[in-house]
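Single-structure report; data block below.
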Amino acid sequence: VTFDKNDKFKMIDMSSQQGEVVRFQTMGAEGFLEDDPVFATGNIEAWLQNLVDGMQNTMKSVIKMAHAEVQTQDLETFIFQHPAQVSLLGIQFLWTQDMQSAITDAKKDKLGVSRAVKKSDALLKEMIVITTRSTLGKNERQNLETCITVHVHQRDTSEDLQKKRVRDPSDFEWMKQCRFYWSTERETVIISICDVDFEYSYEYLGVKERLVITPLTDICYVTLSQALGMFLGGAPA
């Protein structure tokens with residue numbers, strides 16, 4: 001964290017090991033992000049908890065704003081104007097919404113899924129074009145590569161759903177996917193796999209790499225999410 005130069009108890013932002021900096025913010029009354037510094041006063045256990053709360057509130061506020069902006073901003077602006085994990089989450093929001101809508105309306109609009117697949121493929125190609133620029137910084141490139149790694153799997157999943165002619169959002173082929181939603185009722189991010197829903201924890205992660213997602217990864221996601229949903233462990237026997 002960074003302390004204010006004039007107030008040694010005032011924390012104004014947090015930074016990752018990679019050097020990404022995120023200011024402590026909250027959603028203001030007018031729907032815009034406002035600075036919301038954390039103060040290191042009182043007992044250590046109290047202000048450390050305030051720091052955790054400040055981190056989570058900041059990430060929740062930024063993600064809430066990003067959920068709306070991913071629909072309106074151009075791709076490059078969205079990816080580079082948000083923290084890395086929020087950029088990735090925005091891409092996942094967009095893909096989930098596009099495919100969910102296309103599958104839900106598939107019986108009325110037979111070309112809906114096809115359009116969603118083409119949009120997903122176009123998004124991937126646009127991100128790949130951006131990687132060719134020599135002006136990208138180290139964190140920007142790593143952020144972009146992470147988005148591409150995850151979206152390749154999403155694009156492949158879209159094509160697979162199209163080939164299998166999935167026409168119902170309750171179809172297991174769609175339900176087994178890792179789906180990301182912003183719940184307006186609960187004011188939080190919900191991650192769904194099959195019939196199990198998880199709430200996003202809003203932990204600040206910095207700029208992280210992601211491994212390639214394989215069919216085995218998908219099976220592990222389903223297995224572990226079902227285990228957690230039944231309050232069981234996920235350790236191998």
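Just remember, in the structure tokens the first chain shown is A, the second B, etc., residues are 1-based per chain, and ligands are 1-based in the order shown.
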
Closest atom pairs, range 145-190 of chain A residues within 8 Å of range 120-133 of chain A, only C-alpha atoms, as CSV:
residue,atom,partner,partner_atom,distance
A:Glu145,CA,A:Thr131,CA,7.8
A:Ile148,CA,A:Leu124,CA,6.6
A:His151,CA,A:Leu124,CA,6.7
A:Val152,CA,A:Leu124,CA,7.0
A:Gln154,CA,A:Ser120,CA,7.8
A:Arg155,CA,A:Ser120,CA,5.6
A:Ser158,CA,A:Ser120,CA,7.7

Can I get the selected residues back with N, CA and C atoms, as a PDB file, in the first residue's frame?
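This went into selection_22.pdb:
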ATOM      1  N   GLU A 145      -2.441 -11.120 -22.733  1.00  0.00           N
ATOM      2  CA  GLU A 145      -2.211 -12.539 -22.997  1.00  0.00           C
ATOM      3  C   GLU A 145      -3.105 -13.417 -22.112  1.00  0.00           C
ATOM      4  N   ILE A 148      -6.538 -13.358 -23.588  1.00  0.00           N
ATOM      5  CA  ILE A 148      -6.562 -14.192 -24.798  1.00  0.00           C
ATOM      6  C   ILE A 148      -6.622 -15.675 -24.423  1.00  0.00           C
ATOM      7  N   HIS A 151     -10.081 -16.408 -23.272  1.00  0.00           N
ATOM      8  CA  HIS A 151     -11.097 -16.238 -24.316  1.00  0.00           C
ATOM      9  C   HIS A 151     -10.960 -17.267 -25.441  1.00  0.00           C
ATOM     10  N   VAL A 152      -9.778 -17.815 -25.653  1.00  0.00           N
ATOM     11  CA  VAL A 152      -9.627 -18.915 -26.622  1.00  0.00           C
ATOM     12  C   VAL A 152     -10.525 -20.073 -26.201  1.00  0.00           C
ATOM     13  N   GLN A 154     -13.189 -19.830 -24.312  1.00  0.00           N
ATOM     14  CA  GLN A 154     -14.579 -19.398 -24.453  1.00  0.00           C
ATOM     15  C   GLN A 154     -15.024 -19.478 -25.914  1.00  0.00           C
ATOM     16  N   ARG A 155     -14.131 -19.082 -26.831  1.00  0.00           N
ATOM     17  CA  ARG A 155     -14.461 -19.166 -28.254  1.00  0.00           C
ATOM     18  C   ARG A 155     -14.670 -20.621 -28.670  1.00  0.00           C
ATOM     19  N   SER A 158     -17.955 -21.851 -27.423  1.00  0.00           N
ATOM     20  CA  SER A 158     -19.053 -21.332 -28.253  1.00  0.00           C
ATOM     21  C   SER A 158     -19.234 -22.185 -29.500  1.00  0.00           C
TER      22      SER A 158
END

>> DSSP on the backbone, alpha helix (DSSP H) only: what residues of range 23-142 of chain A does that give? Format it as a PyMOL selection string.
In response: chain A and resi 44-69+75-81+84-104+112-131+138-142

> Which residues come within 9 Å of Ala84 in chain A, counting only C-alpha atoms, excluding same-chain residues fewer than 5 positions away, as a list in words?
Replying inline: Glu20, Ile79, Leu89, Asn139, Glu140, Gln142, Asn143, Leu144, Thr146, Cys147, Leu205, Gly206, Val207 and Lys208 of chain A

>> Residues within 7 Å of Met99 in chain A, please, as a VMD selection string. Count only C-alpha atoms; anything in the same chain fewer than 3 positions from it doesn't count.
In response: chain A and resid 95 to 96 102 to 103 113 116

> Which one is closest to Val196 in chain A: A:Ala227, A:Val22, A:Leu232, A:Val150? Count only C-alpha atoms.
Replying inline: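 Counting only C-alpha atoms, the residue closest to Val196 in chain A is A:Ala227.
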
> Which one of A:Tyr221, A:Met14, A:His153, A:Glu173 sits closest to Gly234 in chain A if you count only C-alpha atoms?
Replying inline: A:Tyr221

>> DSSP on the backbone: which residues in range 174-220 of chain A end up as strand (DSSP E or B)? Give the answer as number ranges by chain.
In response: A: 179-183, 188-193, 196-199

Taking N, CA, C and O atoms for each residue, export the selection above as a compact mmCIF listing (two decimals), in the first residue's frame.
# COMPACT_ATOMS: atom_id res chain seq x y z
N ARG A 179 -19.68 -19.78 -15.79
CA ARG A 179 -20.44 -18.62 -16.26
C ARG A 179 -20.36 -17.49 -15.23
O ARG A 179 -20.44 -17.73 -14.02
N PHE A 180 -20.22 -16.27 -15.73
CA PHE A 180 -20.02 -15.10 -14.85
C PHE A 180 -21.16 -14.10 -15.04
O PHE A 180 -21.43 -13.66 -16.15
N TYR A 181 -21.80 -13.73 -13.93
CA TYR A 181 -22.93 -12.81 -13.97
C TYR A 181 -22.77 -11.70 -12.93
O TYR A 181 -22.17 -11.94 -11.86
N TRP A 182 -23.30 -10.51 -13.23
CA TRP A 182 -23.45 -9.49 -12.19
C TRP A 182 -24.92 -9.53 -11.76
O TRP A 182 -25.81 -9.25 -12.55
N SER A 183 -25.16 -9.89 -10.51
CA SER A 183 -26.52 -9.98 -9.99
C SER A 183 -26.94 -8.61 -9.46
O SER A 183 -26.39 -8.13 -8.46
N THR A 188 -23.72 -8.22 -6.54
CA THR A 188 -22.45 -8.92 -6.45
C THR A 188 -22.23 -9.77 -7.70
O THR A 188 -23.15 -9.99 -8.49
N VAL A 189 -21.00 -10.26 -7.87
CA VAL A 189 -20.66 -11.15 -8.98
C VAL A 189 -20.98 -12.58 -8.58
O VAL A 189 -20.58 -13.03 -7.49
N ILE A 190 -21.69 -13.28 -9.45
CA ILE A 190 -22.02 -14.69 -9.21
C ILE A 190 -21.32 -15.53 -10.28
O ILE A 190 -21.44 -15.25 -11.47
N ILE A 191 -20.59 -16.55 -9.85
CA ILE A 191 -19.92 -17.48 -10.76
C ILE A 191 -20.66 -18.81 -10.66
O ILE A 191 -20.75 -19.39 -9.56
N SER A 192 -21.19 -19.27 -11.77
CA SER A 192 -22.03 -20.48 -11.76
C SER A 192 -21.39 -21.61 -12.55
O SER A 192 -20.87 -21.38 -13.65
N ILE A 193 -21.43 -22.79 -11.98
CA ILE A 193 -21.03 -24.02 -12.67
C ILE A 193 -22.07 -25.07 -12.32
O ILE A 193 -22.28 -25.38 -11.14
N VAL A 196 -24.42 -24.96 -9.03
CA VAL A 196 -23.75 -24.37 -7.87
C VAL A 196 -23.33 -22.93 -8.20
O VAL A 196 -22.74 -22.68 -9.25
N ASP A 197 -23.67 -22.01 -7.31
CA ASP A 197 -23.30 -20.60 -7.48
C ASP A 197 -22.30 -20.18 -6.41
O ASP A 197 -22.46 -20.52 -5.23
N PHE A 198 -21.27 -19.45 -6.84
CA PHE A 198 -20.28 -18.93 -5.91
C PHE A 198 -20.27 -17.41 -6.00
O PHE A 198 -20.41 -16.85 -7.09
N GLU A 199 -20.08 -16.75 -4.87
CA GLU A 199 -19.95 -15.30 -4.88
C GLU A 199 -18.48 -14.93 -5.01
O GLU A 199 -17.62 -15.53 -4.36

>> Between CA of Ile44 in chain A and CA of Lys60 in chain A, what distance in Å does the model show, to one decimal?
In response: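 Separation of CA of Ile44 in chain A and CA of Lys60 in chain A: 24.2 Å.
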